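Peer 1: Contents of model.cif (mmCIF, C-alpha atoms) are below:
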data_start
loop_
_atom_site.label_atom_id
_atom_site.label_comp_id
_atom_site.auth_asym_id
_atom_site.auth_seq_id
_atom_site.Cartn_x
_atom_site.Cartn_y
_atom_site.Cartn_z
CA MET A 1 -37.80 12.51 19.20
CA GLY A 2 -36.17 11.29 22.41
CA ALA A 3 -37.06 7.68 21.60
CA VAL A 4 -35.43 7.95 18.17
CA LEU A 5 -32.22 9.39 19.64
CA ARG A 6 -32.17 6.72 22.33
CA LEU A 7 -32.60 4.02 19.67
CA LEU A 8 -29.76 5.51 17.61
CA LYS A 9 -27.51 5.65 20.66
CA GLU A 10 -28.27 2.00 21.48
CA ARG A 11 -27.47 0.99 17.88
CA VAL A 12 -24.15 2.85 17.96
CA ASN A 13 -23.21 1.26 21.30
CA TRP A 14 -24.13 -2.18 19.95
CA ALA A 15 -21.98 -1.58 16.85
CA LEU A 16 -19.04 -0.50 19.02
CA GLU A 17 -19.35 -3.64 21.14
CA ARG A 18 -19.45 -5.80 18.02
CA ASP A 19 -16.38 -4.05 16.59
CA ARG A 20 -14.46 -4.45 19.84
CA ARG A 21 -15.21 -8.20 19.84
CA VAL A 22 -13.84 -8.58 16.30
CA GLU A 23 -10.83 -6.31 16.77
CA GLY A 24 -8.57 -9.01 18.21
CA ARG A 25 -9.17 -11.35 15.28
CA VAL A 26 -8.54 -8.54 12.80
CA ALA A 27 -5.24 -7.68 14.53
CA ALA A 28 -4.25 -11.37 14.47
CA ALA A 29 -5.02 -11.57 10.75
CA SER A 30 -2.86 -8.52 10.11
CA ARG A 31 -0.02 -10.22 12.01
CA VAL A 32 -0.35 -13.22 9.71
CA LEU A 33 0.03 -10.92 6.69
CA TRP A 34 2.92 -8.95 8.23
CA PRO A 35 4.40 -10.39 11.45
CA TRP A 36 7.11 -7.73 11.86
CA ARG A 37 6.97 -4.11 13.03
CA GLU A 38 5.06 -1.68 10.82
CA SER A 39 8.11 0.51 10.24
CA ARG A 40 9.77 -2.37 8.41
CA LEU A 41 6.83 -2.50 6.01
CA VAL A 42 7.31 1.16 5.10
CA VAL A 43 11.02 0.54 4.52
CA LEU A 44 10.23 -2.51 2.38
CA VAL A 45 7.74 -0.55 0.28
CA GLY A 46 10.30 2.22 -0.26
CA LEU A 47 13.05 -0.24 -1.23
CA LEU A 48 10.75 -2.12 -3.59
CA ALA A 49 9.72 1.16 -5.24
CA LEU A 50 13.40 2.03 -5.79
CA LEU A 51 14.13 -1.45 -7.12
CA ASP A 52 11.10 -1.24 -9.41
CA TYR A 53 12.33 2.07 -10.82
CA ALA A 54 15.91 0.82 -11.24
CA THR A 55 14.88 -2.41 -12.94
CA THR A 56 12.42 -0.55 -15.16
CA CYS A 57 15.25 1.76 -16.26
CA ALA A 58 17.45 -1.28 -16.88
CA ALA A 59 14.75 -3.05 -18.88
CA LEU A 60 13.91 -0.01 -20.99
CA GLU A 61 17.39 1.46 -21.53
CA LEU A 62 20.01 -1.23 -21.01
CA SER A 63 18.40 -4.39 -22.32
CA GLY A 64 18.50 -3.32 -25.99
CA LYS A 65 15.08 -4.83 -26.56
CA GLY A 66 12.73 -2.47 -28.39
CA HIS A 67 9.54 -4.39 -27.65
CA ILE A 68 9.59 -3.80 -23.88
CA GLU A 69 7.22 -1.17 -22.54
CA GLU A 70 5.80 -0.15 -19.17
CA GLY A 71 2.63 -2.09 -18.38
CA GLY A 72 1.19 0.16 -15.68
CA MET A 73 -1.25 2.84 -16.82
CA LEU A 74 0.12 5.63 -14.64
CA ALA A 75 3.76 4.68 -15.25
CA GLY A 76 3.16 4.39 -19.00
CA TRP A 77 1.63 7.87 -19.02
CA ALA A 78 4.59 9.27 -17.07
CA LEU A 79 7.05 7.73 -19.52
CA ARG A 80 5.19 9.14 -22.53
CA ILE A 81 4.95 12.62 -21.00
CA GLY A 82 8.41 13.10 -19.56
CA GLY A 83 10.52 9.97 -19.72
CA LEU A 84 12.32 8.34 -16.84
CA GLY A 85 12.48 11.53 -14.75
CA TRP A 86 8.70 11.80 -14.71
CA LEU A 87 8.43 8.09 -13.98
CA PHE A 88 10.60 8.59 -10.89
CA LEU A 89 8.44 11.51 -9.70
CA VAL A 90 5.20 9.61 -10.29
CA ASP A 91 6.54 6.53 -8.47
CA LEU A 92 7.73 8.69 -5.59
CA GLY A 93 4.37 10.47 -5.40
CA ALA A 94 2.44 7.19 -5.45
CA VAL A 95 4.53 5.66 -2.66
CA ILE A 96 4.31 8.80 -0.54
CA ALA A 97 0.53 9.07 -1.04
CA LEU A 98 0.00 5.42 -0.17
CA SER A 99 2.23 5.69 2.91
CA ILE A 100 0.42 8.83 4.08
CA ALA A 101 -2.94 7.09 3.63
CA ALA A 102 -1.73 4.08 5.65
CA VAL A 103 -0.31 6.21 8.46
CA THR A 104 -3.44 8.39 8.55
CA ALA A 105 -5.73 5.35 8.77
CA ARG A 106 -3.59 3.93 11.57
CA ILE A 107 -3.57 7.21 13.50
CA LEU A 108 -7.34 7.66 13.18
CA CYS A 109 -8.04 4.12 14.35
CA PHE A 110 -5.69 4.57 17.30
CA LYS A 111 -7.32 7.90 18.13
CA PHE A 112 -10.73 6.24 18.38
CA GLY A 113 -9.37 3.35 20.44
CA PHE A 114 -9.20 0.65 17.77
CA GLN A 115 -5.52 -0.33 17.83
CA GLY A 116 -6.13 -3.69 16.13
CA PHE A 117 -8.00 -2.08 13.27
CA GLY A 118 -5.28 0.57 12.98
CA ARG A 119 -2.58 -2.01 12.44
CA ALA A 120 -4.79 -3.96 10.03
CA ALA A 121 -5.58 -0.86 7.97
CA PHE A 122 -1.88 -0.02 7.78
CA VAL A 123 -0.94 -3.53 6.68
CA VAL A 124 -3.83 -3.93 4.23
CA LEU A 125 -2.92 -0.68 2.49
CA LEU A 126 0.80 -1.40 2.10
CA VAL A 127 1.16 -5.18 1.67
CA PRO A 128 -0.64 -5.34 -1.71
CA TYR A 129 1.65 -2.63 -3.08
CA ALA A 130 4.69 -4.55 -1.81
CA VAL A 131 3.49 -7.76 -3.49
CA VAL A 132 2.81 -6.04 -6.82
CA ALA A 133 6.10 -4.12 -6.69
CA PHE A 134 8.01 -7.35 -5.99
CA ALA A 135 6.31 -9.01 -8.97
CA ALA A 136 7.21 -5.99 -11.14
CA VAL A 137 10.86 -6.17 -10.05
CA VAL A 138 11.05 -9.88 -10.89
CA ASN A 139 9.33 -9.27 -14.22
CA ASN A 140 11.71 -6.42 -15.08
CA LEU A 141 14.73 -8.57 -14.23
CA VAL A 142 13.43 -11.42 -16.38
CA MET A 143 12.72 -9.06 -19.29
CA THR A 144 16.16 -7.47 -18.98
CA PHE A 145 18.31 -10.58 -18.80
CA LEU A 146 16.33 -13.23 -20.70
#
Rewrite the structure from the file as structure tokens, please.
Peer 2:
Amino acid sequence: MGAVLRLLKERVNWALERDRRVEGRVAAASRVLWPWRESRLVVLVGLLALLDYATTCAALELSGKGHIEEGGMLAGWALRIGGLGWLFLVDLGAVIALSIAAVTARILCFKFGFQGFGRAAFVVLLVPYAVVAFAAVVNNLVMTFL
């Protein structure tokens, strides 16, 4: 039994060494994706969520086009169930949940001594949402005014 535990301990130590060697490259890759401070990413995600909601309202209510509908599954469900008020609550809940997941991943990685992985996890969780939200805002503006 002692030999098995010793082997497991050696494997864990080897994995930690390997992860520490890669951590710098992972942190550098996250800086390529988002070169600014992490707090700015949270602000950007929040602003894009507000812009997405505002442009969705404009496209659905103000454009006068009856053929426009929400393309997202969750947002479409929220609109069918409770209209624009529910859409706002669902958008708010999604952004808060994603932000909490990103902050939690960052805190856990920092707690275990992997600062580079913490930043990368934070960026990898929030940047895709920011890209998709930006595309949705542009799409809503095009659908509203063209």
Peer 1: Could you write out as a list in words the residues that the PyMOL selection byres ((chain A and resi 109-116) around 7) matches in the shown file?
Peer 2: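 The output of the PyMOL selection byres ((chain A and resi 109-116) around 7) on this file is Glu23, Gly24, Val26, Ala27, Ala105, Arg106, Ile107, Leu108, Phe117, Gly118, Arg119 and Ala120 of chain A.
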Peer 1: Please determine, counting only C-alpha atoms, which residue among A:Val4, A:Ala136, A:Val124, A:Ile96 has the shortest atom-to-atom distance to Ala75 (chain A).
Peer 2: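 Closest candidate: A:Ala136.
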Peer 1: Mind working out the centre and edge lengths of an axis-aligned box for region 128-144 of chain A, all listed atoms inside, 5 Å added to each side, rounded to one decimal in Å and written as AutoDock Vina command-line options?
Peer 2:
--center_x 7.8 --center_y -7.0 --center_z -10.5 --size_x 26.8 --size_y 18.8 --size_z 27.6
Peer 1: Could you work out how far CA of Val132 (chain A) lies from CA of Val45 (chain A), giving the answer in Å with one decimal?
Peer 2: 10.2 Å
Peer 1: Can you list, as a ChimeraX atom specification, the residues that the PyMOL selection byres ((chain A and resi 41) around 12) selects here?
Peer 2: /A:31,33-40,42-48,99,102-103,119,122-131
Peer 1: Could you tell me how far CA of Asn139 (chain A) sits from CA of Ala101 (chain A), in Å to one decimal place?
Peer 2: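 Spanning CA of Ala101 (chain A) to CA of Asn139 (chain A) is a straight-line distance of 27.1 Å.
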Peer 1: So, with only C-alpha atoms as the atoms that count, which of A:Leu84, A:Ala3, A:Val32, A:Ala97 lies closest to Ala54 (chain A)?
Peer 2: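 Of the candidates, the smallest distance to Ala54 (chain A) is held by A:Leu84.
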Peer 1: So which residues are close to (12.8, -8.0, -16.7), meaning at most 9 Å away in the file's coordinates with all atoms listed in the file counted, and can you show them as a VMD selection string?
Peer 2: chain A and resid 55 to 56 58 to 59 63 68 136 to 146
Peer 1: To one decimal in Å, tell me the separation between CA of Ala94 (chain A) and CA of Glu69 (chain A).
Peer 2: 19.6 Å
Peer 1: With N, CA and C atoms as the goal, would you fill in the gaps in region 1-15 of chain A and present it as an mmCIF file, in the frame of the given file?
Peer 2:
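part25.cif was written with the following content:
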data_model
loop_
_atom_site.group_PDB
_atom_site.id
_atom_site.type_symbol
_atom_site.label_atom_id
_atom_site.label_comp_id
_atom_site.auth_asym_id
_atom_site.auth_seq_id
_atom_site.Cartn_x
_atom_site.Cartn_y
_atom_site.Cartn_z
ATOM 1 N N MET A 1 -39.155 12.248 19.641
ATOM 2 C CA MET A 1 -37.800 12.510 19.200
ATOM 3 C C MET A 1 -36.793 11.873 20.143
ATOM 4 N N GLY A 2 -37.076 11.886 21.436
ATOM 5 C CA GLY A 2 -36.170 11.290 22.410
ATOM 6 C C GLY A 2 -36.030 9.789 22.218
ATOM 7 N N ALA A 3 -37.115 9.126 21.816
ATOM 8 C CA ALA A 3 -37.060 7.680 21.600
ATOM 9 C C ALA A 3 -36.181 7.347 20.394
ATOM 10 N N VAL A 4 -36.255 8.173 19.372
ATOM 11 C CA VAL A 4 -35.430 7.950 18.170
ATOM 12 C C VAL A 4 -33.953 8.120 18.513
ATOM 13 N N LEU A 5 -33.620 9.160 19.256
ATOM 14 C CA LEU A 5 -32.220 9.390 19.640
ATOM 15 C C LEU A 5 -31.708 8.272 20.546
ATOM 16 N N ARG A 6 -32.561 7.811 21.449
ATOM 17 C CA ARG A 6 -32.170 6.720 22.330
ATOM 18 C C ARG A 6 -31.925 5.441 21.521
ATOM 19 N N LEU A 7 -32.778 5.187 20.537
ATOM 20 C CA LEU A 7 -32.600 4.020 19.670
ATOM 21 C C LEU A 7 -31.295 4.128 18.875
ATOM 22 N N LEU A 8 -31.010 5.309 18.349
ATOM 23 C CA LEU A 8 -29.760 5.510 17.610
ATOM 24 C C LEU A 8 -28.541 5.302 18.510
ATOM 25 N N LYS A 9 -28.623 5.811 19.730
ATOM 26 C CA LYS A 9 -27.510 5.650 20.660
ATOM 27 C C LYS A 9 -27.298 4.177 21.001
ATOM 28 N N GLU A 10 -28.382 3.431 21.201
ATOM 29 C CA GLU A 10 -28.270 2.000 21.480
ATOM 30 C C GLU A 10 -27.640 1.259 20.298
ATOM 31 N N ARG A 11 -28.031 1.630 19.083
ATOM 32 C CA ARG A 11 -27.470 0.990 17.880
ATOM 33 C C ARG A 11 -25.975 1.271 17.751
ATOM 34 N N VAL A 12 -25.571 2.496 18.032
ATOM 35 C CA VAL A 12 -24.150 2.850 17.960
ATOM 36 C C VAL A 12 -23.366 2.083 19.018
ATOM 37 N N ASN A 13 -23.892 2.016 20.237
ATOM 38 C CA ASN A 13 -23.210 1.260 21.300
ATOM 39 C C ASN A 13 -23.108 -0.223 20.956
ATOM 40 N N TRP A 14 -24.161 -0.779 20.363
ATOM 41 C CA TRP A 14 -24.130 -2.180 19.950
ATOM 42 C C TRP A 14 -23.075 -2.395 18.869
ATOM 43 N N ALA A 15 -22.984 -1.474 17.912
ATOM 44 C CA ALA A 15 -21.980 -1.580 16.850
ATOM 45 C C ALA A 15 -20.564 -1.494 17.414
#
